[in-house]
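Structure file coords-v5.txt (compact mmCIF, C-alpha atoms and all ligand atoms) is printed below.
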```
# COMPACT_ATOMS: atom_id res chain seq x y z
CA MET A 1 54.18 31.47 67.26
CA PRO A 2 50.57 30.41 67.75
CA HIS A 3 48.63 29.86 64.56
CA CYS A 4 46.12 32.71 65.24
CA ALA A 5 48.96 35.16 65.40
CA TYR A 6 49.05 34.93 61.60
CA PHE A 7 45.43 36.22 61.21
CA SER A 8 45.93 39.41 59.20
CA SER A 9 43.10 41.97 58.93
CA THR A 10 42.27 40.63 55.41
CA ASN A 11 41.99 37.09 56.71
CA LEU A 12 39.74 38.29 59.49
CA LEU A 13 37.48 40.07 56.99
CA ASN A 14 37.23 36.90 54.85
CA PHE A 15 36.32 34.89 57.94
CA TYR A 16 33.41 37.25 58.78
CA VAL A 17 32.09 37.29 55.19
CA LYS A 18 32.15 33.47 55.06
CA THR A 19 30.29 33.21 58.35
CA ILE A 20 27.63 35.69 57.23
CA MET A 21 27.14 33.80 53.93
CA GLN A 22 26.74 30.47 55.75
CA ASN A 23 24.11 32.02 58.00
CA LYS A 24 22.32 33.48 54.98
CA CYS A 25 22.13 30.01 53.42
CA LEU A 26 20.77 28.69 56.69
CA LEU A 27 18.14 31.45 56.74
CA ALA A 28 17.17 30.78 53.15
CA ALA A 29 16.75 27.07 53.93
CA LEU A 30 14.61 27.91 56.94
CA ALA A 31 12.50 30.30 54.88
CA THR A 32 11.87 27.60 52.26
CA CYS A 33 10.97 25.16 54.96
CA PHE A 34 8.63 27.71 56.52
CA SER A 35 6.90 28.54 53.26
CA VAL A 36 6.42 24.82 52.49
CA ASN A 37 4.79 24.38 55.86
CA VAL A 38 2.53 27.38 55.24
CA ALA A 39 1.65 26.12 51.75
CA ALA A 40 0.83 22.70 53.18
CA GLY A 41 -1.95 24.35 55.15
CA THR A 42 -3.58 25.89 52.06
CA PRO A 43 -4.19 23.37 49.27
CA ALA A 44 -2.62 24.57 45.98
CA PRO A 45 -4.88 24.45 42.91
CA ALA A 46 -4.62 21.07 41.12
CA PRO A 47 -2.62 21.30 37.88
CA ALA A 48 -4.77 21.15 34.73
CA PRO A 49 -4.73 17.61 33.20
CA ALA A 50 -2.32 17.49 30.25
CA GLU A 51 -4.08 17.55 26.86
CA PRO A 52 -3.36 14.34 24.93
CA PRO A 53 -1.18 15.18 21.93
CA VAL A 54 -2.98 15.60 18.59
CA ILE A 55 -2.63 12.48 16.42
CA VAL A 56 -1.53 13.48 12.93
CA ILE A 57 -2.40 11.25 9.98
CA LYS A 58 -0.60 12.02 6.75
CA PHE A 59 -2.88 10.73 3.98
CA SER A 60 -1.14 10.84 0.63
CA HIS A 61 -2.58 10.18 -2.81
CA VAL A 62 -1.70 10.78 -6.45
CA VAL A 63 -4.89 12.16 -8.02
CA ALA A 64 -6.44 15.61 -8.23
CA MET A 65 -8.48 16.85 -5.28
CA ASP A 66 -11.61 16.82 -7.43
CA ALA A 67 -11.14 13.24 -8.64
CA PRO A 68 -13.27 10.67 -6.72
CA LYS A 69 -10.38 9.49 -4.52
CA GLY A 70 -9.39 13.10 -3.77
CA GLN A 71 -12.93 14.00 -2.71
CA ALA A 72 -13.29 10.89 -0.57
CA ALA A 73 -9.99 11.61 1.20
CA GLU A 74 -11.27 15.12 2.04
CA ARG A 75 -14.54 13.66 3.28
CA PHE A 76 -12.64 11.21 5.52
CA LYS A 77 -10.56 14.09 6.90
CA ALA A 78 -13.62 16.22 7.72
CA THR A 79 -15.53 13.38 9.41
CA ALA A 80 -12.52 12.01 11.30
CA GLU A 81 -11.60 15.42 12.70
CA LYS A 82 -15.21 16.13 13.68
CA LEU A 83 -15.82 12.77 15.37
CA THR A 84 -12.55 12.89 17.30
CA LYS A 85 -13.19 16.53 18.29
CA GLY A 86 -9.79 17.55 16.98
CA ARG A 87 -7.79 14.78 18.68
CA VAL A 88 -6.92 13.64 15.15
CA ARG A 89 -5.67 15.89 12.38
CA VAL A 90 -5.72 14.38 8.89
CA GLU A 91 -3.31 16.05 6.49
CA VAL A 92 -4.28 15.13 2.93
CA TYR A 93 -1.53 15.43 0.31
CA PRO A 94 -3.02 15.18 -3.22
CA MET A 95 -1.33 14.87 -6.64
CA SER A 96 1.83 13.13 -5.35
CA THR A 97 2.88 16.31 -3.53
CA LEU A 98 4.33 14.15 -0.74
CA VAL A 99 5.05 10.79 -2.40
CA LYS A 100 4.88 9.53 -6.00
CA GLY A 101 2.78 6.48 -6.85
CA ASP A 102 5.62 3.97 -7.08
CA ASP A 103 7.00 5.01 -3.68
CA GLU A 104 3.71 5.17 -1.79
CA LEU A 105 3.78 1.74 -0.16
CA LYS A 106 7.43 2.05 0.88
CA ALA A 107 6.60 5.39 2.52
CA LEU A 108 3.66 3.74 4.32
CA GLN A 109 5.82 0.88 5.57
CA ALA A 110 8.35 3.43 6.85
CA ASN A 111 5.47 5.33 8.55
CA THR A 112 6.45 8.51 6.67
CA VAL A 113 2.78 8.54 5.76
CA GLN A 114 0.10 6.80 7.82
CA MET A 115 -2.67 6.32 5.25
CA LEU A 116 -2.97 5.86 1.50
CA ALA A 117 -5.47 4.73 -1.12
CA PRO A 118 -3.18 3.30 -3.80
CA SER A 119 -4.48 1.75 -6.96
CA LEU A 120 -4.81 -2.04 -6.71
CA ALA A 121 -2.06 -2.37 -9.31
CA THR A 122 0.48 -1.02 -6.78
CA PHE A 123 0.67 -4.06 -4.50
CA GLY A 124 2.46 -6.53 -6.82
CA PRO A 125 5.89 -4.88 -6.43
CA ILE A 126 5.77 -5.36 -2.62
CA GLY A 127 5.05 -9.05 -3.14
CA VAL A 128 1.27 -9.22 -2.79
CA THR A 129 0.67 -10.26 -6.38
CA ASP A 130 -2.91 -11.46 -5.71
CA PHE A 131 -4.05 -7.86 -6.11
CA GLU A 132 -3.01 -7.93 -9.76
CA VAL A 133 -6.07 -10.11 -10.32
CA PHE A 134 -8.04 -6.83 -10.35
CA ASP A 135 -5.99 -5.69 -13.37
CA LEU A 136 -6.99 -8.68 -15.49
CA PRO A 137 -8.89 -7.62 -18.59
CA TYR A 138 -12.62 -8.39 -18.49
CA ILE A 139 -12.53 -10.16 -15.11
CA PHE A 140 -15.55 -8.15 -13.94
CA LYS A 141 -18.68 -7.89 -16.06
CA ASN A 142 -20.06 -4.88 -14.26
CA LYS A 143 -20.10 -3.07 -10.92
CA GLU A 144 -22.31 -5.69 -9.27
CA SER A 145 -19.87 -8.48 -10.07
CA LEU A 146 -17.05 -6.30 -8.79
CA TYR A 147 -18.80 -5.57 -5.49
CA ALA A 148 -19.51 -9.30 -5.06
CA VAL A 149 -15.74 -9.66 -4.80
CA THR A 150 -14.63 -6.50 -2.98
CA GLU A 151 -17.44 -6.64 -0.42
CA GLY A 152 -17.37 -10.40 0.04
CA PRO A 153 -14.99 -12.94 1.60
CA ILE A 154 -12.50 -12.83 -1.30
CA GLY A 155 -12.00 -9.07 -0.92
CA LYS A 156 -11.59 -9.40 2.85
CA SER A 157 -9.07 -12.23 2.64
CA MET A 158 -7.03 -10.26 0.11
CA LEU A 159 -6.83 -7.24 2.40
CA ALA A 160 -5.72 -9.55 5.24
CA LYS A 161 -2.71 -10.59 3.13
CA LEU A 162 -1.26 -7.12 3.63
CA ASP A 163 -0.75 -7.73 7.37
CA ASP A 164 2.56 -9.51 6.79
CA LYS A 165 3.83 -6.43 5.00
CA GLY A 166 3.15 -4.15 7.97
CA ILE A 167 0.06 -2.78 6.27
CA VAL A 168 -3.57 -2.95 7.37
CA GLY A 169 -6.13 -3.11 4.56
CA LEU A 170 -9.20 -1.10 5.57
CA ALA A 171 -11.51 -0.69 2.58
CA TYR A 172 -11.90 -0.72 -1.19
CA TRP A 173 -12.59 2.48 -3.09
CA ASP A 174 -13.89 2.42 -6.61
CA ASN A 175 -13.05 4.33 -9.78
CA GLY A 176 -14.92 2.42 -12.44
CA PHE A 177 -13.59 0.91 -15.61
CA LYS A 178 -10.72 2.11 -17.75
CA VAL A 179 -10.66 3.79 -21.14
CA MET A 180 -7.72 3.95 -23.57
CA THR A 181 -6.24 7.30 -24.59
CA SER A 182 -3.97 7.89 -27.56
CA ASN A 183 -3.09 10.36 -30.27
CA LYS A 184 -3.98 7.65 -32.74
CA PRO A 185 -7.63 6.62 -33.09
CA ILE A 186 -8.06 3.25 -31.35
CA ARG A 187 -10.69 1.07 -33.03
CA THR A 188 -9.10 -2.35 -33.23
CA PRO A 189 -6.33 -4.22 -31.42
CA ALA A 190 -4.10 -3.59 -34.48
CA ASP A 191 -4.22 0.15 -33.71
CA PHE A 192 -2.06 -0.48 -30.62
CA LYS A 193 0.82 -1.85 -32.66
CA GLY A 194 3.99 0.06 -31.82
CA GLN A 195 2.21 2.45 -29.44
CA LYS A 196 4.11 3.29 -26.25
CA MET A 197 1.50 2.97 -23.56
CA ARG A 198 1.99 4.27 -20.02
CA ALA A 199 1.65 1.36 -17.59
CA GLN A 200 1.47 0.99 -13.84
CA ALA A 201 3.91 -1.36 -12.11
CA SER A 202 1.71 -4.43 -12.63
CA LYS A 203 2.85 -7.50 -14.56
CA VAL A 204 -0.76 -8.05 -15.65
CA ILE A 205 -0.94 -4.58 -17.21
CA ASP A 206 2.39 -5.20 -18.95
CA ALA A 207 1.07 -8.48 -20.35
CA GLN A 208 -2.14 -6.79 -21.49
CA PHE A 209 -0.29 -4.16 -23.54
CA VAL A 210 2.06 -6.77 -24.97
CA ALA A 211 -1.01 -8.85 -25.98
CA LEU A 212 -2.22 -5.79 -27.88
CA GLY A 213 1.11 -5.37 -29.66
CA ALA A 214 1.93 -2.17 -27.75
CA THR A 215 5.02 -1.35 -25.68
CA PRO A 216 4.28 -0.81 -21.98
CA VAL A 217 6.23 2.10 -20.49
CA LYS A 218 6.29 2.16 -16.69
CA MET A 219 5.64 5.68 -15.48
CA ASN A 220 4.25 7.39 -12.39
CA PHE A 221 0.70 8.61 -12.81
CA THR A 222 1.52 12.29 -12.18
CA ASP A 223 4.22 12.17 -14.86
CA SER A 224 1.76 10.96 -17.52
CA TYR A 225 0.68 14.38 -18.76
CA ALA A 226 4.30 15.48 -19.32
CA GLY A 227 5.07 12.10 -20.89
CA MET A 228 2.22 12.55 -23.35
CA LYS A 229 3.18 16.13 -24.13
CA SER A 230 6.82 15.28 -24.80
CA GLY A 231 5.97 12.12 -26.75
CA VAL A 232 7.76 9.77 -24.33
CA ILE A 233 4.46 7.88 -24.35
CA ASP A 234 1.78 7.74 -27.03
CA GLY A 235 -1.12 6.78 -24.83
CA SER A 236 -2.41 5.37 -21.57
CA GLU A 237 -5.32 3.64 -19.84
CA ASN A 238 -7.23 5.12 -16.93
CA ALA A 239 -10.63 6.05 -15.54
CA PRO A 240 -12.34 8.95 -17.37
CA SER A 241 -12.24 11.07 -14.17
CA ASN A 242 -8.45 10.72 -14.04
CA VAL A 243 -8.08 11.49 -17.75
CA TYR A 244 -10.13 14.65 -17.35
CA THR A 245 -8.80 15.93 -14.01
CA GLN A 246 -5.18 15.40 -15.17
CA LYS A 247 -6.05 17.39 -18.35
CA MET A 248 -4.89 14.48 -20.50
CA ASP A 249 -7.53 15.48 -23.04
CA LEU A 250 -5.28 18.45 -23.85
CA VAL A 251 -2.48 16.15 -24.96
CA GLN A 252 -4.37 13.13 -26.31
CA LYS A 253 -6.46 13.31 -29.46
CA ASN A 254 -8.54 10.18 -28.79
CA VAL A 255 -10.28 8.43 -25.91
CA THR A 256 -11.77 4.98 -26.60
CA TYR A 257 -14.29 3.58 -24.10
CA THR A 258 -12.99 0.01 -24.03
CA ASN A 259 -13.95 -0.48 -20.33
CA HIS A 260 -11.55 -3.41 -20.52
CA ALA A 261 -10.29 -3.44 -16.93
CA TYR A 262 -11.00 -2.12 -13.48
CA ALA A 263 -9.60 0.98 -11.76
CA GLY A 264 -9.90 0.71 -7.99
CA TYR A 265 -8.08 1.30 -4.74
CA ALA A 266 -7.40 -0.23 -1.35
CA VAL A 267 -7.43 2.18 1.57
CA VAL A 268 -4.52 1.15 3.78
CA ALA A 269 -2.73 2.27 6.92
CA ASN A 270 0.61 1.59 8.56
CA LYS A 271 -0.23 -1.41 10.76
CA LYS A 272 1.87 -0.46 13.77
CA PHE A 273 0.43 3.05 13.75
CA TRP A 274 -3.14 1.81 13.32
CA ASP A 275 -2.93 -0.90 15.96
CA GLY A 276 -1.30 1.54 18.37
CA LEU A 277 -4.14 4.06 18.22
CA PRO A 278 -6.30 4.48 21.34
CA PRO A 279 -9.31 2.15 20.78
CA ASP A 280 -11.88 4.98 20.91
CA ILE A 281 -9.95 6.95 18.28
CA ARG A 282 -9.62 3.90 16.05
CA ALA A 283 -13.37 3.29 16.32
CA PHE A 284 -14.08 6.89 15.23
CA LEU A 285 -11.70 6.49 12.27
CA VAL A 286 -13.44 3.26 11.23
CA THR A 287 -16.77 5.14 11.27
CA ALA A 288 -15.30 8.04 9.27
CA LEU A 289 -13.83 5.62 6.75
CA ARG A 290 -17.13 3.74 6.36
CA ASP A 291 -18.83 7.06 5.62
CA ALA A 292 -16.12 8.10 3.12
CA THR A 293 -16.30 4.68 1.43
CA ASN A 294 -20.07 4.91 0.90
CA TYR A 295 -19.65 8.45 -0.38
CA GLU A 296 -16.82 7.45 -2.75
CA LYS A 297 -18.88 4.63 -4.20
CA VAL A 298 -21.62 7.08 -5.18
CA ILE A 299 -19.41 9.86 -6.53
CA ALA A 300 -17.09 7.57 -8.53
CA GLY A 301 -19.87 6.69 -10.98
CA LEU A 302 -21.18 10.24 -11.15
CA ASP A 303 -17.74 11.78 -11.60
CA ASN A 304 -16.74 9.44 -14.38
CA ASP A 305 -19.96 10.33 -16.23
CA ARG A 306 -19.43 14.03 -15.55
CA SER A 307 -15.85 13.85 -16.79
CA THR A 308 -17.02 12.20 -20.00
CA ASP A 309 -19.61 14.97 -20.48
CA ALA A 310 -17.04 17.66 -19.74
CA MET A 311 -14.55 16.20 -22.25
CA LYS A 312 -17.32 15.96 -24.82
CA LYS A 313 -18.24 19.60 -24.22
CA ALA A 314 -14.64 20.81 -24.28
CA GLY A 315 -14.16 19.04 -27.61
CA ARG A 316 -10.39 18.80 -27.29
CA THR A 317 -10.35 15.05 -27.77
CA ALA A 318 -12.55 12.65 -29.76
CA LEU A 319 -14.51 10.22 -27.57
CA TYR A 320 -15.29 6.86 -29.12
CA VAL A 321 -17.42 3.91 -27.98
CA PRO A 322 -16.46 0.67 -29.76
CA THR A 323 -19.12 -1.19 -31.71
CA ALA A 324 -20.09 -4.71 -30.59
CA ALA A 325 -17.77 -6.20 -33.21
CA GLU A 326 -14.87 -3.98 -32.11
CA ASP A 327 -15.55 -4.84 -28.48
CA ALA A 328 -15.43 -8.55 -29.37
CA ALA A 329 -12.08 -8.06 -31.11
CA PHE A 330 -10.63 -6.29 -28.04
CA ARG A 331 -11.86 -9.12 -25.82
CA LYS A 332 -10.33 -11.73 -28.10
CA ALA A 333 -6.97 -9.95 -27.96
CA MET A 334 -6.90 -9.32 -24.20
CA LEU A 335 -8.75 -12.27 -22.63
CA PRO A 336 -5.82 -14.72 -23.02
CA VAL A 337 -3.97 -12.57 -20.45
CA GLN A 338 -6.15 -14.19 -17.76
CA GLN A 339 -4.65 -17.58 -18.55
CA GLN A 340 -1.12 -16.25 -19.04
CA MET A 341 -1.17 -14.70 -15.58
CA GLU A 342 -2.49 -17.75 -13.72
CA GLU A 343 0.87 -18.53 -12.25
CA ARG A 344 1.48 -14.99 -11.03
CA VAL A 345 -1.90 -14.21 -9.48
CA GLY A 346 -3.10 -17.77 -8.78
CA LYS A 347 -5.46 -19.94 -10.83
CA GLY A 348 -7.61 -20.63 -7.75
CA LEU A 349 -8.10 -16.91 -7.16
CA ILE A 350 -8.96 -16.21 -10.82
CA ASP A 351 -11.43 -19.09 -10.81
CA SER A 352 -13.05 -18.00 -7.54
CA ILE A 353 -13.38 -14.42 -8.79
CA ASN A 354 -14.85 -15.58 -12.06
CA LYS A 355 -17.33 -17.66 -10.04
CA ALA A 356 -18.19 -14.91 -7.50
CA ALA A 357 -18.39 -12.27 -10.22
CA ARG A 358 -20.67 -14.31 -12.48
C1 LIG B 401 -5.08 6.55 -9.39
O1 LIG B 401 -4.62 6.39 -8.28
O2 LIG B 401 -6.27 6.75 -9.63
C2 LIG B 401 -4.15 6.51 -10.59
C3 LIG B 401 -3.43 5.25 -10.64
C4 LIG B 401 -2.46 5.22 -11.80
O3 LIG B 401 -2.92 5.28 -12.94
O4 LIG B 401 -1.27 5.12 -11.55
```
Would you write the structure of this file as structure tokens?
Amino acid sequence: MPHCAYFSSTNLLNFYVKTIMQNKCLLAALATCFSVNVAAGTPAPAPAPAEPPVIVIKFSHVVAMDAPKGQAAERFKATAEKLTKGRVRVEVYPMSTLVKGDDELKALQANTVQMLAPSLATFGPIGVTDFEVFDLPYIFKNKESLYAVTEGPIGKSMLAKLDDKGIVGLAYWDNGFKVMTSNKPIRTPADFKGQKMRAQASKVIDAQFVALGATPVKMNFTDSYAGMKSGVIDGSENAPSNVYTQKMDLVQKNVTYTNHAYAGYAVVANKKFWDGLPPDIRAFLVTALRDATNYEKVIAGLDNDRSTDAMKKAGRTALYVPTAAEDAAFRKAMLPVQQQMEERVGKGLIDSINKAAR
């Protein structure tokens, strides 16, 4: 029997449906072709150029927003966002809300944050021990001798040493000289004996407290208030603006204006991030940072004076300025730390700073 003899009515119906569907596909293809040809005659509106993505900079720091560093970070944010017309968004995270002091540089190297302004005492633990030279007691006589270093070739060459660590050093920010806080009145080096003093992760600061007969206790800055309240530490050293804005005067009975060592910062960025920025954006950020740096320099002095006045007015802690004889005794106790630390921070560097800062 011929093959077609097996075509049942159902098979025949399937055959017609298939044929109609094939023709429909053909028609659809023709229609597309036709519409393309029609469209080719009328130019379609050009698609809008894609907006470049917003560059987000996470800028983390450990101090209060109204401390000098906090205000300067806000100033940098405002200027950077204005100059870049919103192509950059700077997210400032104050008071260790994103990263604690001891973890800041690791977070920067991992690009979890893109910018920081850590205290100069923070760089030793990542292997750039030269920065601990800034922690040496009495290495700077005054602000002028400090600026001779930070704004001169020594300061620049120190920032360049961060390159190998995947960090670009951009500027120095200032926070003046440090005072000592304690529940015990501090008048002479002997008053430090047995005191547990909060210390940053700097071998120079450790050596300084040991030279005074105290016990250095390494602790993150934002844990200091709780440490003082609970008695884990008896005292600390810091800039007056940090003492006041962290409310340490509520938990410390005495503040002694020893001005024995410097409190300053290096503004740094993740090197890969910074170098990868479009050149025009990077230039705007440099301008914004220059502006914030000049601003910070002015407000640091004013804020430290204001904080002293505010603590005086609040009367919760006794402020004390050492006499000339007491100052001489503090110097005698702490100055040998410069020599002890020669090997760690470099004799050549100490000598050149002493010379530049004369
Ligand atoms: C600061 O960043 O000003 C505080 C540094 C510290 O005492 O840990």
Can you tell me, as AutoDock Vina command-line options, the centre and edge lengths (Å, one decimal) of the axis-aligned box enclosing all of ligand LIG 401 (chain B)'s listed atoms after padding each side by 3 Å?
```
--center_x -3.8 --center_y 5.9 --center_z -10.6 --size_x 11.0 --size_y 7.6 --size_z 10.7
```
Polymer residues at most 10 Å from Lys156 of chain A, only C-alpha atoms, same-chain spacing of 5 or more positions, as a VMD selection string: chain A and resid 149 to 151 161 169 to 172
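Neighbouring residues of ligand LIG 401 (chain B) at a cut-off of 8 Å, counting all atoms listed in the file, are A:His61, A:Val62, A:Val63, A:Lys69, A:Gly101, A:Ala117, A:Pro118, A:Ser119, A:Ala121, A:Thr122, A:Asn175, A:Ala199, A:Gln200, A:Met219, A:Asn220, A:Phe221, A:Thr222, A:Glu237, A:Asn238, A:Ala239, A:Asn242, A:Ala263, A:Gly264, A:Tyr265.
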Can you tell me how far atom CA of Ala288 of chain A sits from atom CA of Arg89 of chain A, in Å to one decimal? 12.8 Å
In terms of the shortest atom-to-atom distance over all atoms listed in the file, which of A:Gln208, A:Thr256, A:Gln109, A:Gln195 is closest to Met228 of chain A? A:Gln195
Expected residue set, 10 Å radius at (5.9, 9.9, -19.5), all atoms listed in the file, as a PDB file with C-alpha atoms, keeping the file's coordinate frame:
```pdb
ATOM      1  CA  LYS A 196       4.110   3.290 -26.250  1.00  0.00           C
ATOM      2  CA  MET A 197       1.500   2.970 -23.560  1.00  0.00           C
ATOM      3  CA  ARG A 198       1.990   4.270 -20.020  1.00  0.00           C
ATOM      4  CA  ALA A 199       1.650   1.360 -17.590  1.00  0.00           C
ATOM      5  CA  VAL A 217       6.230   2.100 -20.490  1.00  0.00           C
ATOM      6  CA  LYS A 218       6.290   2.160 -16.690  1.00  0.00           C
ATOM      7  CA  MET A 219       5.640   5.680 -15.480  1.00  0.00           C
ATOM      8  CA  ASN A 220       4.250   7.390 -12.390  1.00  0.00           C
ATOM      9  CA  PHE A 221       0.700   8.610 -12.810  1.00  0.00           C
ATOM     10  CA  THR A 222       1.520  12.290 -12.180  1.00  0.00           C
ATOM     11  CA  ASP A 223       4.220  12.170 -14.860  1.00  0.00           C
ATOM     12  CA  SER A 224       1.760  10.960 -17.520  1.00  0.00           C
ATOM     13  CA  TYR A 225       0.680  14.380 -18.760  1.00  0.00           C
ATOM     14  CA  ALA A 226       4.300  15.480 -19.320  1.00  0.00           C
ATOM     15  CA  GLY A 227       5.070  12.100 -20.890  1.00  0.00           C
ATOM     16  CA  MET A 228       2.220  12.550 -23.350  1.00  0.00           C
ATOM     17  CA  LYS A 229       3.180  16.130 -24.130  1.00  0.00           C
ATOM     18  CA  SER A 230       6.820  15.280 -24.800  1.00  0.00           C
ATOM     19  CA  GLY A 231       5.970  12.120 -26.750  1.00  0.00           C
ATOM     20  CA  VAL A 232       7.760   9.770 -24.330  1.00  0.00           C
ATOM     21  CA  ILE A 233       4.460   7.880 -24.350  1.00  0.00           C
ATOM     22  CA  ASP A 234       1.780   7.740 -27.030  1.00  0.00           C
ATOM     23  CA  GLY A 235      -1.120   6.780 -24.830  1.00  0.00           C
ATOM     24  CA  SER A 236      -2.410   5.370 -21.570  1.00  0.00           C
TER      25      SER A 236
END
```
What lies within 10 Å of Val321 of chain A using all atoms listed in the file, ignoring chain neighbours under 4 positions off, as an MDAnalysis selection string? chainID A and resid 179 186:187 255:259 326:327
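What separates atom CA of Gly315 of chain A from atom CA of Gly301 of chain A is a distance of 21.5 Å.
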So how far away is atom CA of Val92 of chain A from atom CA of Asp66 of chain A, in Å? 12.8 Å
Counting all atoms listed in the file, which residues come within 8 Å of (-5.7, -5.2, -32.4), with the point read in the file's coordinates, and could you list them as a list in words? Thr188, Pro189, Ala190, Asp191, Phe192, Lys193, Leu212, Gly213, Ala329, Phe330 and Ala333 of chain A
Taking into account only C-alpha atoms, which residue in the set A:Gln71, A:Thr129, A:Gln339, A:Thr97 is nearest to Tyr295 of chain A? A:Gln71
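The list of residues with at least one atom within 9 Å of segment 74-84 of chain A, based on only C-alpha atoms and without residues fewer than 4 positions apart in the same chain, reads Phe59, Met65, Lys69, Gly70, Val88, Arg89, Val90, Glu91, Val92, Asp280, Ile281, Phe284, Leu285, Val286, Thr287, Ala288, Leu289, Arg290, Asp291, Ala292, Thr293, Tyr295 and Glu296 of chain A.
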Would you list the contacts of Lys143 of chain A as a list in words, taking every protein, DNA or RNA residue within 9 Å and counting all atoms listed in the file, but skipping same-chain residues closer than 4 positions in sequence? Tyr147, Ala148, Gly176 and Phe177 of chain A
Asn354 of chain A: which residues within 10 Å, counting all atoms listed in the file, same-chain residues fewer than 6 positions away excluded, as a ChimeraX atom specification? /A:138-141,145,149,348
For Ile55 of chain A, which of A:His260, A:Lys313, A:Lys271, A:Arg282 is the closest residue, counting only C-alpha atoms? A:Arg282
Return the single residue from A:Lys203, A:Lys253, A:Lys355, A:Lys100 that is closest to Met311 of chain A, with distances computed using only C-alpha atoms. A:Lys253
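Counting all atoms listed in the file and comparing A:Val268, A:Ala356, A:Ile205, A:Ile350, the residue that lies closest to Leu162 of chain A is A:Val268.
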Restricting to all atoms listed in the file, whichever of A:Pro125, A:Gly166, A:Gly276, A:Pro240 is closest to Val204 of chain A is A:Pro125
Can you complete the atoms of segment 272-287 of chain A to N, CA and C atoms and list them as a compact mmCIF listing (two decimals), in the frame of the given file?
```
# COMPACT_ATOMS: atom_id res chain seq x y z
N LYS A 272 1.42 -0.76 12.41
CA LYS A 272 1.87 -0.46 13.77
C LYS A 272 1.18 0.81 14.27
N PHE A 273 1.10 1.80 13.39
CA PHE A 273 0.43 3.05 13.75
C PHE A 273 -1.04 2.79 14.07
N TRP A 274 -1.69 2.05 13.18
CA TRP A 274 -3.14 1.81 13.32
C TRP A 274 -3.45 1.01 14.58
N ASP A 275 -2.68 -0.06 14.79
CA ASP A 275 -2.93 -0.90 15.96
C ASP A 275 -2.59 -0.17 17.26
N GLY A 276 -1.71 0.81 17.16
CA GLY A 276 -1.30 1.54 18.37
C GLY A 276 -2.21 2.70 18.74
N LEU A 277 -3.22 2.94 17.92
CA LEU A 277 -4.14 4.06 18.22
C LEU A 277 -4.98 3.74 19.45
N PRO A 278 -5.35 4.76 20.26
CA PRO A 278 -6.30 4.48 21.34
C PRO A 278 -7.58 3.88 20.74
N PRO A 279 -8.16 2.84 21.38
CA PRO A 279 -9.31 2.15 20.78
C PRO A 279 -10.47 3.07 20.42
N ASP A 280 -10.75 4.10 21.25
CA ASP A 280 -11.88 4.98 20.91
C ASP A 280 -11.58 5.77 19.64
N ILE A 281 -10.34 6.19 19.48
CA ILE A 281 -9.95 6.95 18.28
C ILE A 281 -10.06 6.04 17.05
N ARG A 282 -9.57 4.83 17.19
CA ARG A 282 -9.62 3.90 16.05
C ARG A 282 -11.07 3.65 15.64
N ALA A 283 -11.95 3.53 16.63
CA ALA A 283 -13.37 3.29 16.32
C ALA A 283 -13.96 4.49 15.55
N PHE A 284 -13.60 5.70 15.96
CA PHE A 284 -14.08 6.89 15.23
C PHE A 284 -13.56 6.88 13.79
N LEU A 285 -12.29 6.49 13.63
CA LEU A 285 -11.70 6.49 12.27
C LEU A 285 -12.38 5.44 11.39
N VAL A 286 -12.73 4.30 11.99
CA VAL A 286 -13.44 3.26 11.23
C VAL A 286 -14.79 3.81 10.75
N THR A 287 -15.47 4.54 11.65
CA THR A 287 -16.77 5.14 11.27
C THR A 287 -16.58 6.16 10.16
```
